[in-house]
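First up is the structure itself, then whatever we jot down about it.
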Amino acid sequence: MEGQYSEKVMEHFRNPRNVGEIPDASGIGNVGNPVCGDIMRLYIKVDENEIITDAKFKTFGCGAAIATSSMVTELVKGKTIEDALKVSNHAVAEALGGLPKIKMHCSVLAEQALRSAIDDYLAKKKAKV
Amino acid sequence: MRKVYMDNNATTRTRPEVVEAMLPYFSEIYGNASSIHQFGRSARTAVDQARQSIVSLLDASSPEEIIFTSGGTEADNLAIKGVVAALRSKGNHIITSSIEHHAVLNTCKFLEKERCRVTYVNVDGYGFVNLEEIKRAITDKTILITIMHANNEVGTIEPIEEIGSIAKERGVYFHTDAVQSTGKIPLDLKKMNIDLLSLSGHKLYGPKGVGALYIRKGTKITPQMLGGHHEMGKRAGTENVPGIVGLGLACELAQKEIAVDSKKLTELRDYFYKGITSKIEDVRLNGHPTSRLPNTLNVGFKYLEGESIILNLDMEGIGVSTGSACTSGSLEPSHVLTAMGVDPAETQGSVRFSLGRDNTKEDVDYVLAVLPPIIKRLRDMSPLFEKGK
């Protein structure tokens with residue numbers, strides 16, 4: 001199975017970027033469940049200009065789940081919320097040099113984790129107003 | 001980098017002396033074992049000798065009871081489909097367990113579409129099949145009980161002597177898939193009332209692509225592979241002479257060394273697990289603590305998913321596998337651990353270390369040095385870990 005992972009996937013699996021938590025996160029996304037074998041938690045920090053200044057993750061899952069988590073945090077850092085919402089699962093998979101077909105759901109999960117974190121941020125913002 | 005192979009339940013390294021013994025049967029003694037001339041006769045002699053080695057290892061009654069096949073899967077298919085076809089007029093009900101190898105499970109599922117009824121009996125937390133359920137399931141339509149001798153994922157050794165006597169008492173054939181156990185633990189065909197038994201060459205340091213089915217004399221079976229009159233008319237196809245020679249020698253060596261090997265492996269395995277539990281928290285042993293294959297150690301690492309552990313070990317030169325059949329890439333948890341009632345989240349983090357006769361204490365120490373930091377690193381990354389804290 002590992003034979004099907006691209007170099008880039010293995011590189012992110014070996015050295016995942018942005019592992020951890022953001023204590024005062026602006027938004028947190030939780031997706032997946034242990035029965036399916038993947039859980040992702042994504043933290044984002046958003047500044048007053050709606051720019052994602054930091055992103056971190058914690059993931060329970062296979063090699064692809066860890067690599068897609070790592071990649072999605074890299075992709076959204078520095079982006080505005082509006083642009084971050086355009087980051088699709090395909091963009092994540094593409095940035096990783098592709099994923100085995102059977103692991104594409106991991107990129108979907110990464111996209112969902114991002115959406116969920118952004119939704120959480122927007123809901124909190126709305127609540128404040 | 002050091003290389004450590006601990007996936008011997010997947011396959012073993014063919015012993016050098018086995019390879020050596022096989023080689024002449026490719027180049028010098030290449031005759032068809034069915035040919036009447038000297039070329040054929042030399043090949044036939046080698047096949048007969050190999051058959052005798054299996055008779056001896058299993059303590060079977062006669063060479064006619066051993067049918068060579070292409071491996072364990074074919075042996076399972078022949079046993080189950082062959083009995084079903086032969087006993088069609090008597091009944092159509094099969095009893096098996098929920099933790100069988102897919103060679104048995106998928107054959108049973110296929111037969112369910114062919115008007116057979118199959119009962120999948122449950123197992124307990126150790127993976128032992130429920131004997132009462134087997135008894136209760138038997139009807140006058142039951143023709144076969146097929147339960148594995150030892151489970152490939154967790155190593156639990158099934159009470160097949162008890163199953164054999166249940167089968168005998170009720171006049172039902174008993175087949176056991178002994179692919180994982182042959183040559184690893186002793187077995188007594190007669191005492192265990194086994195009518196059919198599958199074994200495979202490459203799990204006991206023999207070559208891949210060859211196996212055998214023991215069929216007790218008088219057992220009704222319909223061949224599934226049709227063609228010439230090979231293998232007492234029970235399995236057509238020109239004999240795989242080099243493979244059969246290799247299987248024969250592997251069985252002969254296993255018979256000689258079974259006691260020493262199983263003692264050595266049990267000690268090494270238990271030393272290994274002790275090391276794991278002393279260095280890593282929140283681990284669980286899957287399978288029975290003692291009634292287990294000497295070489296098999298299936299460990300659940302809480303809060304983690306198996307593939308990420310295996311990939312990390314692979315980067316350190318260590319070859320192991322998940323308990324689950326994730327080769328298909330499906331993320332379904334292991335059917336064996338699930339049947340044993342292991343929590344779904346915990347089945348994900350299970351790793352099977354299956355030792356072999358080549359493994360040393362140094363190998364185990366190497367894994368014990370490499371594994372704890374991997375587990376720590378992955379747990380630090382796992383959102384489940386903090387919840388568990």
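Just so we're on the same page: first chain in the structure tokens is A, next is B, and so on; residues restart at 1 for each chain, and ligands are numbered from 1 in the order they show up.
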
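For range 26-70 of chain A, a DSSP pass over the backbone yields strand (DSSP E) at Gly27, Ile28, Gly29, Asn30, Val31, Gly32, Asn33, Asp38, Ile39, Met40, Arg41, Leu42, Tyr43, Ile44, Lys45, Val46, Ile52, Thr53, Asp54, Ala55, Lys56, Phe57, Lys58, Thr59 and Phe60 of chain A.
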
Helix (DSSP H, G or I) call set, DSSP backbone run, range 48-128 of chain A, as a PyMOL selection string:
chain A and resi 63-76+81-84+89-95+101-128

Restricted to N, CA and C atoms, what would the selected residues look like written as a short mmCIF file (atom, residue, chain, number, x, y, z; two decimals), in the first residue's frame?
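The resulting file, part_21.cif, is reproduced below:
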```cif
data_model
loop_
_atom_site.label_atom_id
_atom_site.label_comp_id
_atom_site.auth_asym_id
_atom_site.auth_seq_id
_atom_site.Cartn_x
_atom_site.Cartn_y
_atom_site.Cartn_z
N GLY A 63 -1.38 7.01 6.67
CA GLY A 63 -0.35 7.87 6.10
C GLY A 63 -0.94 9.02 5.30
N ALA A 64 -1.95 8.71 4.51
CA ALA A 64 -2.56 9.74 3.66
C ALA A 64 -3.31 10.76 4.50
N ALA A 65 -3.93 10.31 5.58
CA ALA A 65 -4.68 11.24 6.44
C ALA A 65 -3.73 12.25 7.07
N ILE A 66 -2.57 11.77 7.49
CA ILE A 66 -1.59 12.68 8.10
C ILE A 66 -1.02 13.63 7.05
N ALA A 67 -0.72 13.10 5.88
CA ALA A 67 -0.15 13.95 4.82
C ALA A 67 -1.14 15.01 4.34
N THR A 68 -2.42 14.64 4.19
CA THR A 68 -3.39 15.63 3.72
C THR A 68 -3.64 16.70 4.79
N SER A 69 -3.60 16.30 6.06
CA SER A 69 -3.75 17.27 7.14
C SER A 69 -2.62 18.28 7.09
N SER A 70 -1.41 17.73 6.95
CA SER A 70 -0.23 18.58 6.89
C SER A 70 -0.33 19.56 5.72
N MET A 71 -0.72 19.02 4.56
CA MET A 71 -0.77 19.85 3.35
C MET A 71 -1.85 20.93 3.44
N VAL A 72 -3.00 20.59 3.99
CA VAL A 72 -4.07 21.58 4.02
C VAL A 72 -3.68 22.76 4.93
N THR A 73 -2.96 22.48 6.00
CA THR A 73 -2.52 23.60 6.86
C THR A 73 -1.54 24.49 6.11
N GLU A 74 -0.67 23.86 5.33
CA GLU A 74 0.29 24.63 4.55
C GLU A 74 -0.42 25.50 3.51
N LEU A 75 -1.44 24.92 2.88
CA LEU A 75 -2.13 25.62 1.80
C LEU A 75 -2.91 26.84 2.28
N VAL A 76 -3.46 26.77 3.49
CA VAL A 76 -4.35 27.87 3.90
C VAL A 76 -3.63 29.00 4.64
N ILE A 81 -10.01 34.15 4.41
CA ILE A 81 -11.08 33.17 4.61
C ILE A 81 -11.76 32.86 3.27
N GLU A 82 -11.98 33.90 2.51
CA GLU A 82 -12.64 33.74 1.22
C GLU A 82 -11.86 32.80 0.30
N ASP A 83 -10.53 33.02 0.26
CA ASP A 83 -9.69 32.16 -0.59
C ASP A 83 -9.56 30.75 -0.02
N ALA A 84 -9.50 30.69 1.31
CA ALA A 84 -9.36 29.37 1.95
C ALA A 84 -10.56 28.48 1.64
N ASN A 89 -10.62 19.49 -2.05
CA ASN A 89 -9.89 18.27 -1.78
C ASN A 89 -8.94 17.94 -2.93
N HIS A 90 -9.37 18.28 -4.14
CA HIS A 90 -8.50 18.02 -5.31
C HIS A 90 -7.22 18.83 -5.24
N ALA A 91 -7.35 20.07 -4.74
CA ALA A 91 -6.17 20.93 -4.62
C ALA A 91 -5.19 20.32 -3.61
N VAL A 92 -5.73 19.76 -2.54
CA VAL A 92 -4.88 19.14 -1.52
C VAL A 92 -4.18 17.92 -2.12
N ALA A 93 -4.96 17.08 -2.79
CA ALA A 93 -4.39 15.87 -3.39
C ALA A 93 -3.35 16.23 -4.45
N GLU A 94 -3.66 17.23 -5.24
CA GLU A 94 -2.75 17.65 -6.31
C GLU A 94 -1.43 18.16 -5.74
N ALA A 95 -1.55 18.95 -4.68
CA ALA A 95 -0.35 19.51 -4.05
C ALA A 95 0.55 18.40 -3.49
N LYS A 101 -6.26 6.09 -5.37
CA LYS A 101 -7.71 6.23 -5.48
C LYS A 101 -8.41 5.93 -4.15
N ILE A 102 -7.99 4.82 -3.55
CA ILE A 102 -8.65 4.39 -2.31
C ILE A 102 -8.38 5.32 -1.14
N LYS A 103 -7.45 6.27 -1.32
CA LYS A 103 -7.14 7.19 -0.23
C LYS A 103 -7.65 8.59 -0.50
N MET A 104 -8.39 8.76 -1.60
CA MET A 104 -8.89 10.10 -1.94
C MET A 104 -9.80 10.65 -0.84
N HIS A 105 -10.48 9.75 -0.13
CA HIS A 105 -11.38 10.22 0.93
C HIS A 105 -10.61 11.01 2.00
N CYS A 106 -9.30 10.75 2.12
CA CYS A 106 -8.51 11.49 3.10
C CYS A 106 -8.42 12.97 2.72
N SER A 107 -8.35 13.23 1.41
CA SER A 107 -8.30 14.63 0.98
C SER A 107 -9.67 15.29 1.19
N VAL A 108 -10.71 14.49 1.02
CA VAL A 108 -12.07 15.00 1.28
C VAL A 108 -12.20 15.38 2.76
N LEU A 109 -11.64 14.53 3.59
CA LEU A 109 -11.69 14.78 5.02
C LEU A 109 -10.93 16.07 5.37
N ALA A 110 -9.80 16.28 4.70
CA ALA A 110 -9.01 17.49 4.96
C ALA A 110 -9.81 18.73 4.57
N GLU A 111 -10.50 18.64 3.42
CA GLU A 111 -11.33 19.76 2.99
C GLU A 111 -12.46 20.00 4.00
N GLN A 112 -13.06 18.91 4.45
CA GLN A 112 -14.16 19.04 5.43
C GLN A 112 -13.67 19.62 6.74
N ALA A 113 -12.45 19.23 7.15
CA ALA A 113 -11.90 19.75 8.40
C ALA A 113 -11.69 21.26 8.30
N LEU A 114 -11.22 21.68 7.13
CA LEU A 114 -10.99 23.11 6.90
C LEU A 114 -12.33 23.88 6.93
N ARG A 115 -13.32 23.34 6.18
CA ARG A 115 -14.65 23.98 6.16
C ARG A 115 -15.21 24.10 7.58
N SER A 116 -15.05 23.00 8.31
CA SER A 116 -15.59 22.94 9.67
C SER A 116 -14.92 23.98 10.57
N ALA A 117 -13.60 24.16 10.41
CA ALA A 117 -12.88 25.17 11.20
C ALA A 117 -13.33 26.57 10.83
N ILE A 118 -13.54 26.78 9.53
CA ILE A 118 -13.98 28.10 9.07
C ILE A 118 -15.41 28.38 9.56
N ASP A 119 -16.27 27.39 9.45
CA ASP A 119 -17.65 27.54 9.95
C ASP A 119 -17.64 27.92 11.42
N ASP A 120 -16.76 27.23 12.17
CA ASP A 120 -16.66 27.48 13.60
C ASP A 120 -16.23 28.94 13.84
N TYR A 121 -15.26 29.38 13.05
CA TYR A 121 -14.78 30.77 13.16
C TYR A 121 -15.89 31.76 12.85
N LEU A 122 -16.62 31.49 11.75
CA LEU A 122 -17.69 32.41 11.33
C LEU A 122 -18.81 32.45 12.36
N ALA A 123 -19.12 31.29 12.92
CA ALA A 123 -20.19 31.23 13.93
C ALA A 123 -19.80 32.02 15.17
N LYS A 124 -18.54 31.87 15.56
CA LYS A 124 -18.06 32.60 16.75
C LYS A 124 -18.09 34.10 16.50
N LYS A 125 -17.69 34.47 15.29
CA LYS A 125 -17.65 35.89 14.93
C LYS A 125 -19.06 36.48 14.98
N LYS A 126 -20.00 35.71 14.43
CA LYS A 126 -21.38 36.15 14.39
C LYS A 126 -21.93 36.31 15.82
N ALA A 127 -21.55 35.38 16.65
CA ALA A 127 -22.02 35.40 18.04
C ALA A 127 -21.54 36.64 18.77
N LYS A 128 -20.32 37.05 18.40
CA LYS A 128 -19.74 38.23 19.05
C LYS A 128 -20.51 39.50 18.68
#
```

Which is closer to chain B than all the others in A:Val87, A:Leu42, A:Ile28, A:Cys36, using only C-alpha atoms?
A:Cys36

Please, which residues in chain A fall within 12 Å of chain B when counting only C-alpha atoms, and what is the closest atom pair and distance in Å to one decimal for each, ordered by chain then residue number, as CSV?
```
residue,atom,partner,partner_atom,distance
A:Met1,CA,B:Thr327,CA,6.5
A:Glu2,CA,B:Leu311,CA,7.0
A:Gly3,CA,B:Leu311,CA,10.3
A:Gln4,CA,B:Gly329,CA,10.5
A:Tyr5,CA,B:Leu311,CA,10.7
A:Val9,CA,B:Leu311,CA,11.8
A:Met10,CA,B:Leu311,CA,9.1
A:Glu11,CA,B:Met315,CA,11.5
A:Phe13,CA,B:Ser308,CA,8.4
A:Arg14,CA,B:Asn312,CA,7.8
A:Asn15,CA,B:Arg377,CA,10.8
A:Pro16,CA,B:Met381,CA,9.4
A:Arg17,CA,B:Met381,CA,10.9
A:Asn18,CA,B:Met381,CA,10.0
A:Val19,CA,B:Met381,CA,6.3
A:Gly20,CA,B:Met381,CA,6.8
A:Glu21,CA,B:Met381,CA,9.6
A:Gly29,CA,B:Pro383,CA,11.6
A:Asn30,CA,B:Pro383,CA,9.4
A:Val31,CA,B:Pro383,CA,10.8
A:Gly32,CA,B:Pro383,CA,11.1
A:Asn33,CA,B:Ala345,CA,8.4
A:Pro34,CA,B:Ala345,CA,4.8
A:Val35,CA,B:Pro344,CA,5.2
A:Cys36,CA,B:Leu331,CA,6.2
A:Gly37,CA,B:Gln348,CA,6.2
A:Asp38,CA,B:Glu305,CA,8.0
A:Ile39,CA,B:Pro383,CA,7.3
A:Met40,CA,B:Pro383,CA,7.2
A:Arg41,CA,B:Pro383,CA,6.7
A:Leu42,CA,B:Pro383,CA,9.9
A:Tyr43,CA,B:Pro383,CA,11.7
A:Lys56,CA,B:Met381,CA,10.4
A:Phe57,CA,B:Met381,CA,7.8
A:Lys58,CA,B:Met381,CA,5.0
A:Thr59,CA,B:Ser382,CA,4.9
A:Phe60,CA,B:Ser382,CA,4.7
A:Gly61,CA,B:Glu305,CA,5.2
A:Cys62,CA,B:Ser308,CA,4.9
A:Gly63,CA,B:Ser308,CA,5.2
A:Ala64,CA,B:Ser308,CA,8.8
A:Ala65,CA,B:Ser308,CA,9.1
A:Ile66,CA,B:Ser308,CA,8.3
A:Ala67,CA,B:Ser308,CA,10.5
A:Ser69,CA,B:Met381,CA,10.7
A:Ser70,CA,B:Met381,CA,10.9
A:Pro100,CA,B:Gly329,CA,9.2
A:Lys101,CA,B:Gly329,CA,9.3
A:Ile102,CA,B:Gly329,CA,6.0
A:Lys103,CA,B:Gly329,CA,7.6
A:Met104,CA,B:Gly329,CA,11.0
A:His105,CA,B:Leu331,CA,10.5
A:Cys106,CA,B:Leu331,CA,11.0
```

Non-local contacts of Asn298 in chain B (6 Å; only C-alpha atoms; under 4 positions in same chain excluded) as JSON, numbers by chain
{"B": [154, 286, 351, 352]}

Export of the given selection (C-alpha atoms) as a PDB file, in the first residue's frame:
```pdb
ATOM      1  CA  VAL B 154      -4.128 -13.025  16.454  1.00  0.00           C
ATOM      2  CA  ASN B 286      -5.049  -9.303  21.000  1.00  0.00           C
ATOM      3  CA  VAL B 351      -0.165  -4.370  14.612  1.00  0.00           C
ATOM      4  CA  ARG B 352       0.731  -7.996  14.004  1.00  0.00           C
TER       5      ARG B 352
END
```

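Using only C-alpha atoms, the nearest neighbour of Leu226 in chain B within the list B:Lys191, B:Gly209, B:Val84, B:Thr238 is B:Thr238.
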
For Gly164 in chain B, work out the shell of residues within 8 Å, counting only C-alpha atoms and skipping chain neighbours fewer than 3 positions away, then give it as a list in words.
Ile160, Glu161, Ala167, Lys168, Phe174, Met192, Asn193 and Ile194 of chain B
